[in-house]
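Accompanying notes for the structure given below.
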Amino acid sequence: MEKPQEILVNVGEFIGKNKMPIIYVGGAVVVLVVALPLLKKIVSGIKGTPNIANKNILGGLVVDESKTTISDQVAKQYAEQLLMAFGGTTDEGTIKEIFEKINSEDFKKVAIAFGLRTYDNLNTGSPSGVLWGLMDGIMGKTDLDIVAWLNLELGWLDWSTKKAVRKVIEPIGFVLN
Ligand SMILES: [Ca+2]
């Protein structure tokens, strides 16, 4: 066992021997805290928005209430559930379940309730808010409607979910790639 003063001496020696690495680490922390938000701003400015964001379906949506099977309140619930399902590791089960319960007119209601939600490229979902939101938007982020979200979230492996989604959205002219 080392005595406390010996440990102190050792710490002093350690710092003496490792001055440069310690300065580097300190510098890295400063860069992270000070420069990152700035960089974030610059990068998102340059990058602009993903191509998929260039269309916004919401303008053209007219709901035929005589054909809907859900209330505005339920549409709102589904919209929130879908956003949750998109977050992090995509929960295809929930997405499929919801699309099996709604028809095309219901979907318009859900799309309106969903509105535009921020898609964070880094997080491949909603902004994470980790590190006080420092990382959010660093790879660019965009406000996207539900069709754009579905296209980003569902890949070629999710064929059975996509099938359920297509059945609902294709009759009203929306496309899932
Ligand atoms: Ca996701």
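Chains: A, B, ... in order of the structure tokens. Residues: from 1 per chain. Ligands: from 1, in order shown.
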
Excluding Val63 in chain A and any residue of its chain fewer than 4 positions from it, enumerate the residues within 12 Å of it, using only C-alpha atoms, and give them as a PDB file with C-alpha atoms, in the first residue's frame.
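Okay, result_0.pdb is ready:
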ATOM      1  CA  LEU A  58     -50.134  18.189 -45.671  1.00  0.00           C
ATOM      2  CA  GLY A  59     -51.245  20.966 -47.989  1.00  0.00           C
ATOM      3  CA  LYS A  67     -65.516   7.494 -44.706  1.00  0.00           C
ATOM      4  CA  THR A  68     -63.482   7.827 -41.525  1.00  0.00           C
ATOM      5  CA  THR A  69     -63.710   5.282 -38.729  1.00  0.00           C
ATOM      6  CA  ILE A  70     -61.705   7.123 -36.059  1.00  0.00           C
ATOM      7  CA  SER A  71     -62.149  10.387 -34.161  1.00  0.00           C
ATOM      8  CA  ASP A  72     -59.656  13.244 -34.262  1.00  0.00           C
ATOM      9  CA  ASN A 103     -58.405   3.126 -43.735  1.00  0.00           C
ATOM     10  CA  SER A 104     -57.131   5.713 -46.192  1.00  0.00           C
ATOM     11  CA  GLU A 105     -59.362   8.512 -44.903  1.00  0.00           C
ATOM     12  CA  ASP A 106     -58.330   7.713 -41.326  1.00  0.00           C
ATOM     13  CA  PHE A 107     -54.730   7.959 -42.460  1.00  0.00           C
ATOM     14  CA  LYS A 108     -55.301  11.517 -43.660  1.00  0.00           C
ATOM     15  CA  LYS A 109     -56.504  12.390 -40.178  1.00  0.00           C
ATOM     16  CA  VAL A 110     -53.437  10.746 -38.637  1.00  0.00           C
ATOM     17  CA  ALA A 111     -51.187  12.574 -41.122  1.00  0.00           C
ATOM     18  CA  ILE A 112     -52.758  15.908 -40.155  1.00  0.00           C
ATOM     19  CA  ILE A 172     -54.816   8.107 -51.950  1.00  0.00           C
TER      20      ILE A 172
END

If you take only C-alpha atoms and all ligand atoms and a cut-off of 7 Å, which residues of chain A touch ligand 1, and what are their nearest atom pairs and distances in Å to one decimal, in chain and number order, as JSON lines?
{"residue": "A:Phe86", "atom": "CA", "partner": "ligand 1", "partner_atom_place_in_ligand_line": "1 (Ca)", "distance": 4.4}
{"residue": "A:Gly87", "atom": "CA", "partner": "ligand 1", "partner_atom_place_in_ligand_line": "1 (Ca)", "distance": 4.5}
{"residue": "A:Gly88", "atom": "CA", "partner": "ligand 1", "partner_atom_place_in_ligand_line": "1 (Ca)", "distance": 4.5}
{"residue": "A:Thr89", "atom": "CA", "partner": "ligand 1", "partner_atom_place_in_ligand_line": "1 (Ca)", "distance": 4.9}
{"residue": "A:Thr90", "atom": "CA", "partner": "ligand 1", "partner_atom_place_in_ligand_line": "1 (Ca)", "distance": 4.2}
{"residue": "A:Thr124", "atom": "CA", "partner": "ligand 1", "partner_atom_place_in_ligand_line": "1 (Ca)", "distance": 5.3}
{"residue": "A:Gly125", "atom": "CA", "partner": "ligand 1", "partner_atom_place_in_ligand_line": "1 (Ca)", "distance": 4.8}
{"residue": "A:Glu153", "atom": "CA", "partner": "ligand 1", "partner_atom_place_in_ligand_line": "1 (Ca)", "distance": 5.5}

Run DSSP on the backbone and grab whatever in range 45-170 of chain A lands in alpha helix (DSSP H); send it over as a PDB file with N, CA and C atoms, in the first residue's frame.
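Output file out_8.pdb is given in full below:
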ATOM      1  N   GLY A  45     -26.401  24.324 -41.904  1.00  0.00           N
ATOM      2  CA  GLY A  45     -26.570  25.363 -42.914  1.00  0.00           C
ATOM      3  C   GLY A  45     -26.115  24.890 -44.281  1.00  0.00           C
ATOM      4  N   ILE A  46     -24.976  24.191 -44.314  1.00  0.00           N
ATOM      5  CA  ILE A  46     -24.423  23.713 -45.576  1.00  0.00           C
ATOM      6  C   ILE A  46     -25.254  22.563 -46.135  1.00  0.00           C
ATOM      7  N   LYS A  47     -25.552  21.634 -45.223  1.00  0.00           N
ATOM      8  CA  LYS A  47     -26.211  20.395 -45.628  1.00  0.00           C
ATOM      9  C   LYS A  47     -27.626  20.615 -46.138  1.00  0.00           C
ATOM     10  N   ASP A  72     -60.888  12.445 -34.242  1.00  0.00           N
ATOM     11  CA  ASP A  72     -59.656  13.244 -34.262  1.00  0.00           C
ATOM     12  C   ASP A  72     -58.767  12.868 -33.087  1.00  0.00           C
ATOM     13  N   GLN A  73     -59.409  12.590 -31.955  1.00  0.00           N
ATOM     14  CA  GLN A  73     -58.658  12.241 -30.744  1.00  0.00           C
ATOM     15  C   GLN A  73     -57.848  10.954 -30.947  1.00  0.00           C
ATOM     16  N   VAL A  74     -58.519   9.947 -31.537  1.00  0.00           N
ATOM     17  CA  VAL A  74     -57.824   8.670 -31.797  1.00  0.00           C
ATOM     18  C   VAL A  74     -56.713   8.881 -32.833  1.00  0.00           C
ATOM     19  N   ALA A  75     -56.995   9.712 -33.837  1.00  0.00           N
ATOM     20  CA  ALA A  75     -55.971  10.004 -34.853  1.00  0.00           C
ATOM     21  C   ALA A  75     -54.738  10.600 -34.191  1.00  0.00           C
ATOM     22  N   LYS A  76     -54.980  11.467 -33.228  1.00  0.00           N
ATOM     23  CA  LYS A  76     -53.885  12.098 -32.494  1.00  0.00           C
ATOM     24  C   LYS A  76     -53.087  11.046 -31.721  1.00  0.00           C
ATOM     25  N   GLN A  77     -53.804  10.135 -31.085  1.00  0.00           N
ATOM     26  CA  GLN A  77     -53.143   9.048 -30.342  1.00  0.00           C
ATOM     27  C   GLN A  77     -52.272   8.213 -31.271  1.00  0.00           C
ATOM     28  N   TYR A  78     -52.835   7.849 -32.415  1.00  0.00           N
ATOM     29  CA  TYR A  78     -52.067   7.043 -33.380  1.00  0.00           C
ATOM     30  C   TYR A  78     -50.830   7.793 -33.851  1.00  0.00           C
ATOM     31  N   ALA A  79     -51.000   9.105 -34.082  1.00  0.00           N
ATOM     32  CA  ALA A  79     -49.858   9.916 -34.545  1.00  0.00           C
ATOM     33  C   ALA A  79     -48.730   9.870 -33.513  1.00  0.00           C
ATOM     34  N   GLU A  80     -49.096  10.003 -32.235  1.00  0.00           N
ATOM     35  CA  GLU A  80     -48.075   9.982 -31.177  1.00  0.00           C
ATOM     36  C   GLU A  80     -47.457   8.591 -31.052  1.00  0.00           C
ATOM     37  N   GLN A  81     -48.304   7.560 -31.159  1.00  0.00           N
ATOM     38  CA  GLN A  81     -47.800   6.181 -31.077  1.00  0.00           C
ATOM     39  C   GLN A  81     -46.831   5.889 -32.222  1.00  0.00           C
ATOM     40  N   LEU A  82     -47.158   6.426 -33.389  1.00  0.00           N
ATOM     41  CA  LEU A  82     -46.273   6.203 -34.544  1.00  0.00           C
ATOM     42  C   LEU A  82     -44.933   6.901 -34.325  1.00  0.00           C
ATOM     43  N   LEU A  83     -44.978   8.121 -33.823  1.00  0.00           N
ATOM     44  CA  LEU A  83     -43.730   8.840 -33.569  1.00  0.00           C
ATOM     45  C   LEU A  83     -42.862   8.062 -32.582  1.00  0.00           C
ATOM     46  N   MET A  84     -43.524   7.519 -31.540  1.00  0.00           N
ATOM     47  CA  MET A  84     -42.801   6.711 -30.555  1.00  0.00           C
ATOM     48  C   MET A  84     -42.199   5.479 -31.223  1.00  0.00           C
ATOM     49  N   ALA A  85     -42.997   4.851 -32.095  1.00  0.00           N
ATOM     50  CA  ALA A  85     -42.557   3.625 -32.761  1.00  0.00           C
ATOM     51  C   ALA A  85     -41.376   3.901 -33.709  1.00  0.00           C
ATOM     52  N   PHE A  86     -41.347   5.118 -34.285  1.00  0.00           N
ATOM     53  CA  PHE A  86     -40.252   5.477 -35.198  1.00  0.00           C
ATOM     54  C   PHE A  86     -38.948   5.677 -34.435  1.00  0.00           C
ATOM     55  N   GLU A  92     -41.600  -1.915 -35.618  1.00  0.00           N
ATOM     56  CA  GLU A  92     -42.461  -2.193 -36.771  1.00  0.00           C
ATOM     57  C   GLU A  92     -43.796  -2.808 -36.373  1.00  0.00           C
ATOM     58  N   GLY A  93     -43.777  -3.567 -35.303  1.00  0.00           N
ATOM     59  CA  GLY A  93     -45.011  -4.206 -34.825  1.00  0.00           C
ATOM     60  C   GLY A  93     -46.111  -3.183 -34.592  1.00  0.00           C
ATOM     61  N   THR A  94     -45.761  -2.106 -33.900  1.00  0.00           N
ATOM     62  CA  THR A  94     -46.744  -1.059 -33.595  1.00  0.00           C
ATOM     63  C   THR A  94     -47.213  -0.364 -34.872  1.00  0.00           C
ATOM     64  N   ILE A  95     -46.266  -0.098 -35.761  1.00  0.00           N
ATOM     65  CA  ILE A  95     -46.623   0.576 -37.022  1.00  0.00           C
ATOM     66  C   ILE A  95     -47.624  -0.278 -37.800  1.00  0.00           C
ATOM     67  N   LYS A  96     -47.297  -1.545 -37.922  1.00  0.00           N
ATOM     68  CA  LYS A  96     -48.164  -2.467 -38.663  1.00  0.00           C
ATOM     69  C   LYS A  96     -49.556  -2.555 -38.024  1.00  0.00           C
ATOM     70  N   GLU A  97     -49.552  -2.676 -36.714  1.00  0.00           N
ATOM     71  CA  GLU A  97     -50.817  -2.785 -35.967  1.00  0.00           C
ATOM     72  C   GLU A  97     -51.731  -1.594 -36.242  1.00  0.00           C
ATOM     73  N   ILE A  98     -51.146  -0.401 -36.221  1.00  0.00           N
ATOM     74  CA  ILE A  98     -51.952   0.811 -36.437  1.00  0.00           C
ATOM     75  C   ILE A  98     -52.480   0.837 -37.870  1.00  0.00           C
ATOM     76  N   PHE A  99     -51.631   0.517 -38.834  1.00  0.00           N
ATOM     77  CA  PHE A  99     -52.069   0.579 -40.227  1.00  0.00           C
ATOM     78  C   PHE A  99     -53.082  -0.510 -40.572  1.00  0.00           C
ATOM     79  N   GLU A 100     -53.094  -1.565 -39.788  1.00  0.00           N
ATOM     80  CA  GLU A 100     -54.120  -2.594 -40.005  1.00  0.00           C
ATOM     81  C   GLU A 100     -55.478  -2.166 -39.454  1.00  0.00           C
ATOM     82  N   LYS A 101     -55.466  -1.122 -38.618  1.00  0.00           N
ATOM     83  CA  LYS A 101     -56.712  -0.655 -38.004  1.00  0.00           C
ATOM     84  C   LYS A 101     -57.333   0.531 -38.727  1.00  0.00           C
ATOM     85  N   SER A 104     -57.856   4.601 -45.561  1.00  0.00           N
ATOM     86  CA  SER A 104     -57.131   5.713 -46.192  1.00  0.00           C
ATOM     87  C   SER A 104     -57.581   7.078 -45.658  1.00  0.00           C
ATOM     88  N   GLU A 105     -58.877   7.222 -45.424  1.00  0.00           N
ATOM     89  CA  GLU A 105     -59.362   8.512 -44.903  1.00  0.00           C
ATOM     90  C   GLU A 105     -58.885   8.722 -43.469  1.00  0.00           C
ATOM     91  N   ASP A 106     -58.872   7.624 -42.690  1.00  0.00           N
ATOM     92  CA  ASP A 106     -58.330   7.713 -41.326  1.00  0.00           C
ATOM     93  C   ASP A 106     -56.877   8.171 -41.367  1.00  0.00           C
ATOM     94  N   PHE A 107     -56.150   7.623 -42.348  1.00  0.00           N
ATOM     95  CA  PHE A 107     -54.730   7.959 -42.460  1.00  0.00           C
ATOM     96  C   PHE A 107     -54.525   9.456 -42.662  1.00  0.00           C
ATOM     97  N   LYS A 108     -55.426  10.062 -43.449  1.00  0.00           N
ATOM     98  CA  LYS A 108     -55.301  11.517 -43.660  1.00  0.00           C
ATOM     99  C   LYS A 108     -55.411  12.243 -42.324  1.00  0.00           C
ATOM    100  N   LYS A 109     -56.347  11.772 -41.500  1.00  0.00           N
ATOM    101  CA  LYS A 109     -56.504  12.390 -40.178  1.00  0.00           C
ATOM    102  C   LYS A 109     -55.236  12.224 -39.345  1.00  0.00           C
ATOM    103  N   VAL A 110     -54.671  11.013 -39.394  1.00  0.00           N
ATOM    104  CA  VAL A 110     -53.437  10.746 -38.637  1.00  0.00           C
ATOM    105  C   VAL A 110     -52.309  11.634 -39.170  1.00  0.00           C
ATOM    106  N   ALA A 111     -52.250  11.761 -40.500  1.00  0.00           N
ATOM    107  CA  ALA A 111     -51.187  12.574 -41.122  1.00  0.00           C
ATOM    108  C   ALA A 111     -51.305  14.029 -40.681  1.00  0.00           C
ATOM    109  N   ILE A 112     -52.538  14.524 -40.595  1.00  0.00           N
ATOM    110  CA  ILE A 112     -52.758  15.908 -40.155  1.00  0.00           C
ATOM    111  C   ILE A 112     -52.365  16.050 -38.683  1.00  0.00           C
ATOM    112  N   ALA A 113     -52.762  15.058 -37.861  1.00  0.00           N
ATOM    113  CA  ALA A 113     -52.414  15.100 -36.432  1.00  0.00           C
ATOM    114  C   ALA A 113     -50.898  15.011 -36.244  1.00  0.00           C
ATOM    115  N   PHE A 114     -50.260  14.228 -37.095  1.00  0.00           N
ATOM    116  CA  PHE A 114     -48.802  14.066 -37.033  1.00  0.00           C
ATOM    117  C   PHE A 114     -48.110  15.371 -37.423  1.00  0.00           C
ATOM    118  N   ILE A 146     -45.618  12.639 -42.263  1.00  0.00           N
ATOM    119  CA  ILE A 146     -45.629  11.213 -41.901  1.00  0.00           C
ATOM    120  C   ILE A 146     -45.207  10.299 -43.056  1.00  0.00           C
ATOM    121  N   VAL A 147     -45.510  10.687 -44.283  1.00  0.00           N
ATOM    122  CA  VAL A 147     -45.113   9.836 -45.418  1.00  0.00           C
ATOM    123  C   VAL A 147     -43.583   9.819 -45.554  1.00  0.00           C
ATOM    124  N   ALA A 148     -42.976  10.982 -45.365  1.00  0.00           N
ATOM    125  CA  ALA A 148     -41.508  11.054 -45.408  1.00  0.00           C
ATOM    126  C   ALA A 148     -40.900  10.230 -44.281  1.00  0.00           C
ATOM    127  N   TRP A 149     -41.489  10.315 -43.111  1.00  0.00           N
ATOM    128  CA  TRP A 149     -41.004   9.519 -41.974  1.00  0.00           C
ATOM    129  C   TRP A 149     -41.103   8.032 -42.282  1.00  0.00           C
ATOM    130  N   LEU A 150     -42.240   7.615 -42.811  1.00  0.00           N
ATOM    131  CA  LEU A 150     -42.428   6.190 -43.119  1.00  0.00           C
ATOM    132  C   LEU A 150     -41.373   5.721 -44.112  1.00  0.00           C
ATOM    133  N   ASN A 151     -41.090   6.577 -45.101  1.00  0.00           N
ATOM    134  CA  ASN A 151     -40.087   6.205 -46.102  1.00  0.00           C
ATOM    135  C   ASN A 151     -38.686   6.079 -45.501  1.00  0.00           C
ATOM    136  N   LEU A 152     -38.400   6.910 -44.512  1.00  0.00           N
ATOM    137  CA  LEU A 152     -37.085   6.828 -43.875  1.00  0.00           C
ATOM    138  C   LEU A 152     -36.994   5.653 -42.909  1.00  0.00           C
ATOM    139  N   GLU A 153     -38.098   5.334 -42.288  1.00  0.00           N
ATOM    140  CA  GLU A 153     -38.068   4.350 -41.208  1.00  0.00           C
ATOM    141  C   GLU A 153     -38.185   2.906 -41.690  1.00  0.00           C
ATOM    142  N   TRP A 159     -40.825  -5.741 -45.111  1.00  0.00           N
ATOM    143  CA  TRP A 159     -41.809  -5.881 -46.187  1.00  0.00           C
ATOM    144  C   TRP A 159     -43.230  -6.084 -45.682  1.00  0.00           C
ATOM    145  N   SER A 160     -43.385  -6.780 -44.565  1.00  0.00           N
ATOM    146  CA  SER A 160     -44.765  -7.071 -44.137  1.00  0.00           C
ATOM    147  C   SER A 160     -45.414  -5.822 -43.550  1.00  0.00           C
ATOM    148  N   THR A 161     -44.602  -4.995 -42.881  1.00  0.00           N
ATOM    149  CA  THR A 161     -45.124  -3.711 -42.385  1.00  0.00           C
ATOM    150  C   THR A 161     -45.428  -2.794 -43.563  1.00  0.00           C
ATOM    151  N   LYS A 162     -44.511  -2.777 -44.528  1.00  0.00           N
ATOM    152  CA  LYS A 162     -44.700  -1.917 -45.694  1.00  0.00           C
ATOM    153  C   LYS A 162     -45.968  -2.287 -46.461  1.00  0.00           C
ATOM    154  N   LYS A 163     -46.224  -3.576 -46.511  1.00  0.00           N
ATOM    155  CA  LYS A 163     -47.429  -4.056 -47.201  1.00  0.00           C
ATOM    156  C   LYS A 163     -48.684  -3.453 -46.552  1.00  0.00           C
ATOM    157  N   ALA A 164     -48.697  -3.494 -45.206  1.00  0.00           N
ATOM    158  CA  ALA A 164     -49.845  -2.951 -44.471  1.00  0.00           C
ATOM    159  C   ALA A 164     -49.970  -1.443 -44.678  1.00  0.00           C
ATOM    160  N   VAL A 165     -48.818  -0.761 -44.725  1.00  0.00           N
ATOM    161  CA  VAL A 165     -48.829   0.693 -44.910  1.00  0.00           C
ATOM    162  C   VAL A 165     -49.297   1.045 -46.324  1.00  0.00           C
ATOM    163  N   ARG A 166     -48.750   0.328 -47.313  1.00  0.00           N
ATOM    164  CA  ARG A 166     -49.096   0.615 -48.713  1.00  0.00           C
ATOM    165  C   ARG A 166     -50.595   0.462 -48.971  1.00  0.00           C
ATOM    166  N   LYS A 167     -51.157  -0.553 -48.362  1.00  0.00           N
ATOM    167  CA  LYS A 167     -52.582  -0.835 -48.548  1.00  0.00           C
ATOM    168  C   LYS A 167     -53.427   0.385 -48.168  1.00  0.00           C
ATOM    169  N   VAL A 168     -52.935   1.126 -47.192  1.00  0.00           N
ATOM    170  CA  VAL A 168     -53.670   2.293 -46.693  1.00  0.00           C
ATOM    171  C   VAL A 168     -53.327   3.561 -47.482  1.00  0.00           C
ATOM    172  N   ILE A 169     -52.040   3.744 -47.802  1.00  0.00           N
ATOM    173  CA  ILE A 169     -51.663   5.057 -48.358  1.00  0.00           C
ATOM    174  C   ILE A 169     -51.675   5.113 -49.884  1.00  0.00           C
TER     175      ILE A 169
END

(message) Can you measure CA of Gly137 in chain A to CA of Trp156 in chain A for me? One decimal in Å is fine.
(response)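 Separation of CA of Gly137 in chain A and CA of Trp156 in chain A: 25.9 Å.
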
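The interatomic distance for the pair CA of Gly140 in chain A and CA of Leu116 in chain A works out to 15.6 Å.
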
Quick check for you: according to DSSP on this backbone, which residues of range 67-172 of chain A are classed as strand (DSSP E or B)? Reply as a short mmCIF file (atom, residue, chain, number, x, y, z; two decimals) with C-alpha atoms, in the first residue's frame.
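Written output follows (out-v6.cif):
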data_model
loop_
_atom_site.label_atom_id
_atom_site.label_comp_id
_atom_site.auth_asym_id
_atom_site.auth_seq_id
_atom_site.Cartn_x
_atom_site.Cartn_y
_atom_site.Cartn_z
CA ARG A 117 -42.04 16.32 -36.80
CA THR A 118 -38.32 16.88 -36.53
CA TYR A 119 -36.26 14.04 -37.96
CA ASP A 120 -32.67 14.04 -36.75
CA GLY A 125 -35.48 9.51 -35.39
CA LYS A 141 -32.40 17.70 -39.07
CA THR A 142 -35.61 18.30 -40.91
CA ASP A 143 -39.26 18.71 -40.18
CA LEU A 144 -40.97 15.90 -42.05
#
